[in-house]
>>> print(open('entry.txt').read())   # compact mmCIF, C-alpha atoms
# COMPACT_ATOMS: atom_id res chain seq x y z
CA MET A 1 85.33 189.31 37.31
CA THR A 2 88.76 189.09 35.76
CA THR A 3 91.65 187.07 37.11
CA THR A 4 94.20 189.14 35.21
CA ALA A 5 94.24 192.13 32.92
CA TRP A 6 93.88 189.82 29.91
CA ILE A 7 92.39 186.50 31.06
CA GLU A 8 88.69 186.35 31.88
CA ARG A 9 87.88 184.44 35.06
CA PRO A 10 85.60 181.45 34.38
CA PRO A 11 81.99 181.84 35.63
CA LEU A 12 81.07 180.19 38.94
CA THR A 13 78.67 177.85 37.15
CA GLU A 14 81.40 176.30 34.98
CA ARG A 15 82.41 172.76 35.90
CA PRO A 16 85.85 172.44 37.55
CA ASP A 17 86.82 169.69 35.09
CA ALA A 18 85.67 171.60 32.00
CA GLN A 19 88.10 171.33 29.10
CA THR A 20 89.27 174.35 27.11
CA TRP A 21 90.84 174.67 23.69
CA HIS A 22 94.18 175.80 25.11
CA ARG A 23 95.70 172.38 25.75
CA ASN A 24 95.11 170.87 22.30
CA THR A 25 95.86 174.12 20.49
CA GLY A 26 99.09 174.63 22.41
CA MET A 27 100.22 171.09 21.68
CA ALA A 28 99.41 171.51 17.98
CA ILE A 29 101.36 174.78 17.74
CA ALA A 30 104.31 173.27 19.62
CA GLY A 31 104.21 170.33 17.21
CA LEU A 32 104.25 172.73 14.27
CA GLY A 33 107.36 174.37 15.70
CA LEU A 34 109.11 171.01 15.94
CA VAL A 35 108.18 170.24 12.32
CA ILE A 36 109.74 173.55 11.19
CA VAL A 37 112.93 172.71 13.11
CA ALA A 38 113.01 169.19 11.63
CA VAL A 39 112.67 170.54 8.07
CA ALA A 40 115.51 173.01 8.70
CA VAL A 41 117.69 170.20 10.03
CA ALA A 42 116.92 168.05 6.97
CA VAL A 43 117.91 170.88 4.64
CA ASN A 44 121.15 171.37 6.57
CA VAL A 45 121.96 167.67 6.32
CA THR A 46 121.52 167.71 2.55
CA THR A 47 123.56 170.94 2.26
CA ALA A 48 126.43 169.75 4.48
CA PRO A 49 128.31 167.76 1.77
CA ALA A 50 128.61 170.91 -0.35
CA VAL A 51 130.19 173.00 2.42
CA GLY A 52 133.77 173.84 1.46
CA GLY A 53 133.33 172.37 -1.98
CA GLY A 54 133.30 175.63 -3.85
CA SER A 55 129.52 176.12 -3.88
CA ASP A 56 127.92 179.06 -2.07
CA THR A 57 126.10 177.40 0.84
CA ALA A 58 126.22 180.38 3.22
CA GLY A 59 122.86 181.67 2.05
CA THR A 60 121.15 178.32 2.53
CA LEU A 61 122.61 177.92 6.01
CA ALA A 62 121.53 181.43 6.96
CA GLY A 63 117.98 180.66 5.87
CA THR A 64 117.80 177.33 7.70
CA PHE A 65 119.26 178.92 10.85
CA ALA A 66 116.50 181.53 10.78
CA ALA A 67 113.86 178.86 10.15
CA SER A 68 115.04 176.60 12.99
CA THR A 69 115.19 179.52 15.43
CA PHE A 70 111.70 180.55 14.31
CA GLY A 71 110.50 176.98 14.90
CA LEU A 72 111.80 177.07 18.47
CA GLY A 73 109.88 180.30 18.99
CA VAL A 74 106.69 178.74 17.66
CA THR A 75 107.12 175.95 20.22
CA LYS A 76 107.38 178.56 22.98
CA ILE A 77 104.11 180.11 21.81
CA GLY A 78 102.50 176.68 22.20
CA ILE A 79 103.84 176.52 25.77
CA ALA A 80 102.38 179.96 26.53
CA ILE A 81 98.93 178.93 25.28
CA ILE A 82 98.96 175.84 27.50
CA LEU A 83 99.93 178.01 30.50
CA ILE A 84 96.90 180.24 29.83
CA GLY A 85 94.72 177.12 30.01
CA ILE A 86 96.37 176.19 33.32
CA ILE A 87 95.45 179.60 34.78
CA LEU A 88 91.80 179.11 33.77
CA SER A 89 91.77 175.59 35.22
CA LEU A 90 93.31 176.88 38.43
CA TRP A 91 90.48 179.37 38.96
CA ARG A 92 87.82 176.73 38.26
CA ARG A 93 89.38 174.55 40.94
CA VAL A 94 89.55 177.46 43.39
CA THR A 95 85.78 177.79 43.06
CA ALA A 96 85.24 174.05 43.45
CA VAL A 97 87.49 173.71 46.52
CA GLY A 98 85.89 176.75 48.19
CA THR A 99 82.40 175.34 47.65
CA ALA A 100 83.39 171.89 48.94
CA LEU A 101 85.02 173.28 52.08
CA GLN A 102 82.01 175.50 52.80
CA ARG A 103 79.77 172.44 52.70
CA LEU A 104 82.18 170.57 54.95
CA ALA A 105 82.05 173.36 57.50
CA ALA A 106 78.30 173.96 57.18
CA GLY A 107 77.62 172.59 60.69
CA ARG A 108 80.06 174.96 62.37
CA GLU A 109 78.43 177.53 64.63
CA ALA A 110 78.41 180.90 62.95
CA GLY A 111 80.86 183.33 64.46
CA SER A 112 82.52 180.65 66.58
CA ASP A 113 85.89 181.33 65.01
CA HIS A 114 87.96 184.45 65.60
CA PRO A 115 90.56 184.58 62.84
CA ALA A 116 94.04 185.10 64.19
CA THR A 117 96.54 187.46 62.58
CA GLY A 118 100.29 187.68 62.65
CA GLU A 119 103.23 185.52 61.66
CA VAL A 120 102.81 181.78 61.15
CA ASP A 121 105.41 179.03 60.81
CA THR A 122 104.53 176.30 58.30
CA PRO A 123 106.35 173.26 56.91
CA TYR A 124 106.84 175.31 53.73
CA GLY A 125 108.31 178.39 55.34
CA PRO A 126 107.04 181.53 57.10
CA ALA A 127 103.54 182.76 56.31
CA SER A 128 101.37 185.67 57.35
CA ALA A 129 97.84 185.35 58.76
CA THR A 130 95.31 188.08 57.97
CA THR A 131 91.55 188.47 58.00
CA ARG A 132 91.32 189.19 54.27
CA PRO A 133 92.98 187.83 51.12
CA PRO A 134 96.28 189.58 50.41
CA GLU A 135 96.48 192.34 47.86
CA PRO A 136 98.49 191.49 44.71
CA LEU A 137 102.14 192.42 44.92
CA SER A 138 103.51 194.93 42.43
CA ILE A 139 105.34 192.14 40.57
CA HIS A 140 102.04 190.24 40.28
CA ARG A 141 100.28 193.27 38.81
CA MET A 142 103.12 193.71 36.36
CA ALA A 143 103.03 190.04 35.33
CA GLU A 144 99.26 190.13 34.77
CA ARG A 145 99.53 193.13 32.49
CA MET A 146 102.78 192.42 30.68
CA TRP A 147 102.57 188.78 29.56
CA LEU A 148 100.42 189.44 26.49
CA PRO A 149 102.26 192.54 25.14
CA VAL A 150 105.64 190.87 25.67
CA LEU A 151 104.52 187.66 23.94
CA ALA A 152 103.10 189.71 21.05
CA MET A 153 106.35 191.68 20.67
CA GLY A 154 108.32 188.43 20.78
CA ALA A 155 106.20 186.89 18.03
CA MET A 156 106.59 189.99 15.86
CA ALA A 157 110.37 190.14 16.38
CA LEU A 158 110.65 186.44 15.57
CA THR A 159 108.68 186.90 12.33
CA VAL A 160 110.80 189.89 11.29
CA GLY A 161 113.96 187.90 12.06
CA LEU A 162 112.73 185.02 9.89
CA LEU A 163 112.05 187.38 6.98
CA LEU A 164 115.50 188.94 7.39
CA GLY A 165 117.02 185.45 7.43
CA LEU A 166 115.25 184.50 4.22
CA TRP A 167 116.43 187.75 2.63
CA THR A 168 119.97 186.96 3.81
CA SER A 169 119.76 183.58 2.07
CA SER A 170 119.22 185.38 -1.26
CA LEU A 171 122.45 187.38 -0.94
CA ALA A 172 125.91 186.26 -2.01
CA GLY A 173 127.92 184.93 0.91
CA GLY A 174 130.96 186.93 1.99
CA THR A 175 129.62 190.30 0.85
CA GLU A 176 129.06 193.29 3.11
CA ALA A 177 125.31 193.18 2.43
CA PHE A 178 125.25 189.52 3.51
CA ARG A 179 127.03 190.31 6.77
CA VAL A 180 124.73 193.26 7.53
CA ALA A 181 121.59 191.23 6.88
CA SER A 182 122.93 188.26 8.84
CA ALA A 183 123.71 190.41 11.90
CA TRP A 184 120.29 192.02 11.97
CA SER A 185 118.58 188.67 11.39
CA GLN A 186 120.37 186.96 14.27
CA GLY A 187 119.89 189.88 16.65
CA THR A 188 116.18 190.14 15.85
CA LEU A 189 115.59 186.38 16.08
CA PHE A 190 117.13 186.13 19.52
CA LEU A 191 115.38 189.27 20.68
CA GLY A 192 112.16 187.47 19.78
CA GLU A 193 113.27 184.32 21.61
CA GLY A 194 114.14 186.37 24.69
CA LEU A 195 110.81 188.20 24.65
CA LEU A 196 108.89 184.94 24.29
CA LEU A 197 110.70 183.45 27.28
CA SER A 198 110.02 186.67 29.19
CA GLY A 199 106.32 186.41 28.30
CA ILE A 200 106.30 182.81 29.58
CA SER A 201 107.98 184.05 32.77
CA PHE A 202 105.23 186.66 33.21
CA LEU A 203 102.62 183.93 32.73
CA LEU A 204 104.27 181.87 35.46
CA GLY A 205 104.18 184.98 37.64
CA THR A 206 100.46 185.25 36.86
CA ILE A 207 99.98 181.64 37.97
CA LEU A 208 101.72 182.45 41.26
CA SER A 209 99.50 185.51 41.67
CA SER A 210 96.37 183.42 41.00
CA LEU A 211 97.46 180.78 43.52
CA ARG A 212 98.04 183.46 46.15
CA ARG A 213 94.77 185.26 45.55
CA GLY A 214 92.66 182.14 45.05
CA GLY A 215 93.97 180.51 48.21
CA GLY A 216 93.09 183.64 50.16
CA GLU A 217 89.56 183.73 48.76
CA VAL A 218 88.93 180.11 49.76
CA GLN A 219 90.07 180.75 53.34
CA GLN A 220 88.11 183.99 53.65
CA ALA A 221 84.91 182.25 52.51
CA LEU A 222 85.27 179.88 55.48
CA GLY A 223 85.66 182.71 57.96
CA VAL A 224 89.11 181.55 59.11
CA ASP A 225 92.42 183.37 59.19
CA VAL A 226 93.86 183.78 55.71
CA GLN A 227 97.35 182.30 55.69
CA THR A 228 99.61 183.42 52.85
CA LEU A 229 103.07 182.04 52.22
CA LYS A 230 105.69 184.78 52.22
CA MET A 231 107.70 185.20 49.06
CA PRO A 232 110.35 182.45 49.11
CA GLY A 233 113.94 182.94 48.00
CA THR A 234 113.31 181.07 44.76
CA ALA A 235 110.67 183.64 43.78
CA LYS A 236 113.03 186.54 44.48
CA ALA A 237 115.79 184.89 42.45
CA PHE A 238 113.28 184.21 39.65
CA ILE A 239 112.43 187.91 39.42
CA ALA A 240 116.10 188.88 39.34
CA LEU A 241 117.01 186.34 36.66
CA MET A 242 114.00 187.26 34.52
CA ALA A 243 114.95 190.94 34.59
CA LEU A 244 118.62 190.18 33.90
CA GLY A 245 117.84 187.80 31.04
CA MET A 246 115.37 190.20 29.42
CA MET A 247 117.88 193.06 29.56
CA ALA A 248 120.58 190.81 28.10
CA ALA A 249 118.27 189.81 25.23
CA ILE A 250 117.65 193.48 24.42
CA ALA A 251 121.38 194.26 24.77
CA GLN A 252 122.41 191.54 22.31
CA PHE A 253 120.01 193.03 19.74
CA ALA A 254 121.64 196.45 20.12
CA LEU A 255 125.12 194.92 19.94
CA TYR A 256 124.26 193.05 16.74
CA GLY A 257 123.30 196.45 15.35
CA ILE A 258 126.82 197.65 16.13
CA ALA A 259 128.22 194.52 14.46
CA ALA A 260 126.18 195.37 11.35
CA SER A 261 127.68 198.85 11.32
CA VAL A 262 131.23 197.44 11.04
CA ALA A 263 130.30 194.84 8.40
CA GLY A 264 132.51 196.68 5.92
CA ASP A 265 135.53 195.46 7.89
CA PRO A 266 135.42 191.62 7.80
CA ALA A 267 137.99 191.27 10.60
CA SER A 268 136.15 193.54 13.02
CA TYR A 269 132.84 191.97 12.08
CA ALA A 270 134.22 188.49 12.80
CA VAL A 271 135.34 189.58 16.27
CA TRP A 272 131.91 190.93 17.11
CA VAL A 273 129.92 187.90 15.97
CA SER A 274 132.37 185.46 17.57
CA TRP A 275 131.40 186.56 21.08
CA LEU A 276 127.86 187.72 20.40
CA GLY A 277 126.82 184.13 19.65
CA PRO A 278 127.63 182.86 23.17
CA PHE A 279 126.31 186.09 24.73
CA ARG A 280 122.85 185.70 23.20
CA GLU A 281 122.74 182.07 24.40
CA VAL A 282 123.64 183.20 27.92
CA ALA A 283 120.68 185.61 27.81
CA LEU A 284 118.31 182.76 26.99
CA GLY A 285 119.99 180.53 29.57
CA VAL A 286 119.44 183.09 32.32
CA LEU A 287 115.75 183.35 31.39
CA LEU A 288 115.41 179.56 31.39
CA ALA A 289 117.08 179.40 34.81
CA GLY A 290 114.52 181.91 36.07
CA ILE A 291 111.71 179.77 34.66
CA VAL A 292 113.08 176.75 36.55
CA LEU A 293 112.97 178.77 39.78
CA ALA A 294 109.43 179.93 39.00
CA LEU A 295 108.32 176.32 38.57
CA ALA A 296 110.01 175.42 41.87
CA THR A 297 108.12 178.29 43.54
CA ILE A 298 104.82 177.09 42.07
CA ALA A 299 105.51 173.60 43.43
CA LYS A 300 106.16 175.08 46.89
CA ALA A 301 102.98 177.20 46.76
CA LEU A 302 100.90 174.18 45.77
CA GLY A 303 102.42 172.16 48.63
CA PHE A 304 101.61 174.94 51.10
CA GLN A 305 98.03 175.21 49.85
CA PHE A 306 97.49 171.44 50.09
CA HIS A 307 98.83 171.62 53.66
CA ARG A 308 96.37 174.45 54.43
CA VAL A 309 93.40 172.61 52.88
CA ARG A 310 94.17 169.59 55.05
CA GLN A 311 94.20 171.85 58.11
CA LEU A 312 90.83 173.34 57.21
CA ALA A 313 89.27 169.97 56.41
CA ALA A 314 90.40 168.66 59.81
>>> encode(input="entry.txt", output="structure tokens")
Amino acid sequence: MTTTAWIERPPLTERPDAQTWHRNTGMAIAGLGLVIVAVAVAVNVTTAPAVGGGSDTAGTLAGTFAASTFGLGVTKIGIAIILIGIILSLWRRVTAVGTALQRLAAGREAGSDHPATGEVDTPYGPASATTRPPEPLSIHRMAERMWLPVLAMGAMALTVGLLLGLWTSSLAGGTEAFRVASAWSQGTLFLGEGLLLSGISFLLGTILSSLRRGGGEVQQALGVDVQTLKMPGTAKAFIALMALGMMAAIAQFALYGIAASVAGDPASYAVWVSWLGPFREVALGVLLAGIVLALATIAKALGFQFHRVRQLAA
């Protein structure tokens, strides 16, 4: 049985505390990204004294900018791998908790409970009570199917942006070719960063989907009413910010293409890149704000499920 379109659900016989390769691999990849950023910073520090001294440092700075942005993207890939491990661990614990609660309730007379349905008030907000686990919401289905393609596209865009940045570093600063290459490099790099953050957002949505579905399965196995927390406001805001940030990341890529088309006019080109820099950062900031709200929603869902487990154990 699969937990998502891309992640295989661990077998029932697997230990709940079993370790996977995701944690160590994700940490190693994130560490590699930090090393790349550190090397780029070191090169910039050694290049800084030559800036304005008559030497052509624009190419070097363009290359180190691309490398440092690429390093940040590599770190995000490490985060995504760790999140995949969290999803697998979550499902192992769903199995373990369900088994433990079934043993705890083994002495209960069969058929003595009549699951209630309807609306339920909880300390964590309104919930619905049903006789079966809830079906995945459309946003959950989308998250389960989109995280891998979006991450893959982000990694490819980031790699292309790095190559464009390295090519830019070989061109003479101040030329039209340099400006064209620089615009496409920056637009592609930040498209990759935006897609990687979007892929991480979809993974967080997959975690929320797994919590929702797994909690329902545990309750159904006990023959009690299945209580499911209704989508909180933080989750709705997370979806809106993720969509807005992803669209902004794509828009900045297209706008950098327009900037490249006016590279023959240095004045017009300077106007475009002067505001595109902050705009691309806003796109990433909106995505990061959405991720913060997703984490807050996960914390609320975990609190609700702990509250429900205590009810069932009592």
>>> closest_residue(input="entry.txt", among="A:Val150, A:Arg179, A:Gly199, A:Ile7", to="Ser268 in chain A", atoms="only C-alpha atoms")
A:Arg179
>>> residues_around(input="entry.txt", residues="range 288-300 of chain A", least_positions_apart="4", cutoff="9 Å", atoms="only C-alpha atoms", output="list in words")
Tyr124, Leu197, Ser198, Ile200, Ser201, Leu204, Gly205, Ile207, Leu208, Leu211, Met231, Pro232, Gly233, Thr234, Ala235, Ala237, Phe238, Ile239, Ala240, Leu241, Met242, Gly245, Ala283, Leu284, Phe304 and Gln305 of chain A
>>> atom_distance(input="entry.txt", atom1="CA of Tyr269 in chain A", atom2="CA of Thr47 in chain A")
25.0 Å
>>> closest_residue(input="entry.txt", among="A:Ala42, A:Met153, A:Val226, A:Leu244", to="Ala127 in chain A", atoms="only C-alpha atoms")
A:Val226
>>> atom_distance(input="entry.txt", atom1="CA of Glu144 in chain A", atom2="CA of Lys76 in chain A")
18.4 Å
>>> atom_distance(input="entry.txt", atom1="CA of Asn44 in chain A", atom2="CA of Thr69 in chain A")
13.4 Å
>>> closest_residue(input="entry.txt", among="A:Thr57, A:Ser274, A:Thr64, A:Ser128", to="Gly174 in chain A", atoms="all atoms listed in the file")
A:Thr57
>>> closest_residue(input="entry.txt", among="A:Thr60, A:Leu287, A:Gly303, A:Val41", to="Ala172 in chain A", atoms="all atoms listed in the file")
A:Thr60
>>> closest_residue(input="entry.txt", among="A:Phe65, A:Arg15, A:Gly73, A:Asp265", to="Gly31 in chain A", atoms="all atoms listed in the file")
A:Gly73
>>> closest_residue(input="entry.txt", among="A:Val218, A:Ala183, A:Leu195, A:Leu302", to="Gly277 in chain A", atoms="all atoms listed in the file")
A:Ala183
>>> build_atoms(input="entry.txt", residues="range 201-227 of chain A", atoms="N, CA and C atoms", output="short mmCIF file (atom, residue, chain, number, x, y, z; two decimals), in the coordinates of the input")
data_model
loop_
_atom_site.label_atom_id
_atom_site.label_comp_id
_atom_site.auth_asym_id
_atom_site.auth_seq_id
_atom_site.Cartn_x
_atom_site.Cartn_y
_atom_site.Cartn_z
N SER A 201 107.66 183.75 31.37
CA SER A 201 107.98 184.05 32.77
C SER A 201 106.86 184.88 33.41
N PHE A 202 106.34 185.86 32.68
CA PHE A 202 105.23 186.66 33.21
C PHE A 202 103.98 185.79 33.40
N LEU A 203 103.76 184.83 32.54
CA LEU A 203 102.62 183.93 32.73
C LEU A 203 102.79 183.08 33.99
N LEU A 204 104.02 182.62 34.23
CA LEU A 204 104.27 181.87 35.46
C LEU A 204 104.07 182.77 36.68
N GLY A 205 104.45 184.04 36.57
CA GLY A 205 104.18 184.98 37.64
C GLY A 205 102.68 185.18 37.85
N THR A 206 101.91 185.15 36.77
CA THR A 206 100.46 185.25 36.86
C THR A 206 99.88 184.02 37.55
N ILE A 207 100.43 182.85 37.27
CA ILE A 207 99.98 181.64 37.97
C ILE A 207 100.23 181.76 39.47
N LEU A 208 101.42 182.25 39.85
CA LEU A 208 101.72 182.45 41.26
C LEU A 208 100.76 183.46 41.89
N SER A 209 100.44 184.52 41.17
CA SER A 209 99.50 185.51 41.67
C SER A 209 98.11 184.89 41.87
N SER A 210 97.70 184.06 40.91
CA SER A 210 96.37 183.42 41.00
C SER A 210 96.32 182.44 42.17
N LEU A 211 97.41 181.69 42.38
CA LEU A 211 97.46 180.78 43.52
C LEU A 211 97.34 181.55 44.84
N ARG A 212 98.04 182.64 44.92
CA ARG A 212 98.04 183.46 46.15
C ARG A 212 96.66 184.04 46.42
N ARG A 213 96.07 184.62 45.38
CA ARG A 213 94.77 185.26 45.55
C ARG A 213 93.66 184.24 45.74
N GLY A 214 93.70 183.16 44.93
CA GLY A 214 92.66 182.14 45.05
C GLY A 214 92.68 181.44 46.39
N GLY A 215 93.88 181.13 46.89
CA GLY A 215 93.97 180.51 48.21
C GLY A 215 93.40 181.40 49.29
N GLY A 216 93.64 182.71 49.18
CA GLY A 216 93.09 183.64 50.16
C GLY A 216 91.58 183.70 50.11
N GLU A 217 91.01 183.67 48.90
CA GLU A 217 89.56 183.73 48.76
C GLU A 217 88.89 182.51 49.38
N VAL A 218 89.49 181.33 49.19
CA VAL A 218 88.93 180.11 49.76
C VAL A 218 88.91 180.19 51.29
N GLN A 219 89.99 180.67 51.89
CA GLN A 219 90.07 180.75 53.34
C GLN A 219 89.12 181.82 53.88
N GLN A 220 89.00 182.93 53.19
CA GLN A 220 88.11 183.99 53.65
C GLN A 220 86.66 183.52 53.63
N ALA A 221 86.28 182.74 52.61
CA ALA A 221 84.91 182.25 52.51
C ALA A 221 84.53 181.37 53.69
N LEU A 222 85.53 180.74 54.32
CA LEU A 222 85.27 179.88 55.48
C LEU A 222 85.27 180.65 56.79
N GLY A 223 85.64 181.92 56.75
CA GLY A 223 85.66 182.71 57.96
C GLY A 223 86.83 182.41 58.87
N VAL A 224 87.91 181.86 58.31
CA VAL A 224 89.11 181.55 59.11
C VAL A 224 90.20 182.55 58.75
N ASP A 225 91.30 182.49 59.51
CA ASP A 225 92.42 183.37 59.19
C ASP A 225 93.00 182.98 57.83
N VAL A 226 93.33 183.98 57.06
CA VAL A 226 93.86 183.78 55.71
C VAL A 226 95.38 183.70 55.80
N GLN A 227 95.91 182.50 55.63
CA GLN A 227 97.35 182.30 55.69
C GLN A 227 97.94 182.38 54.29
#
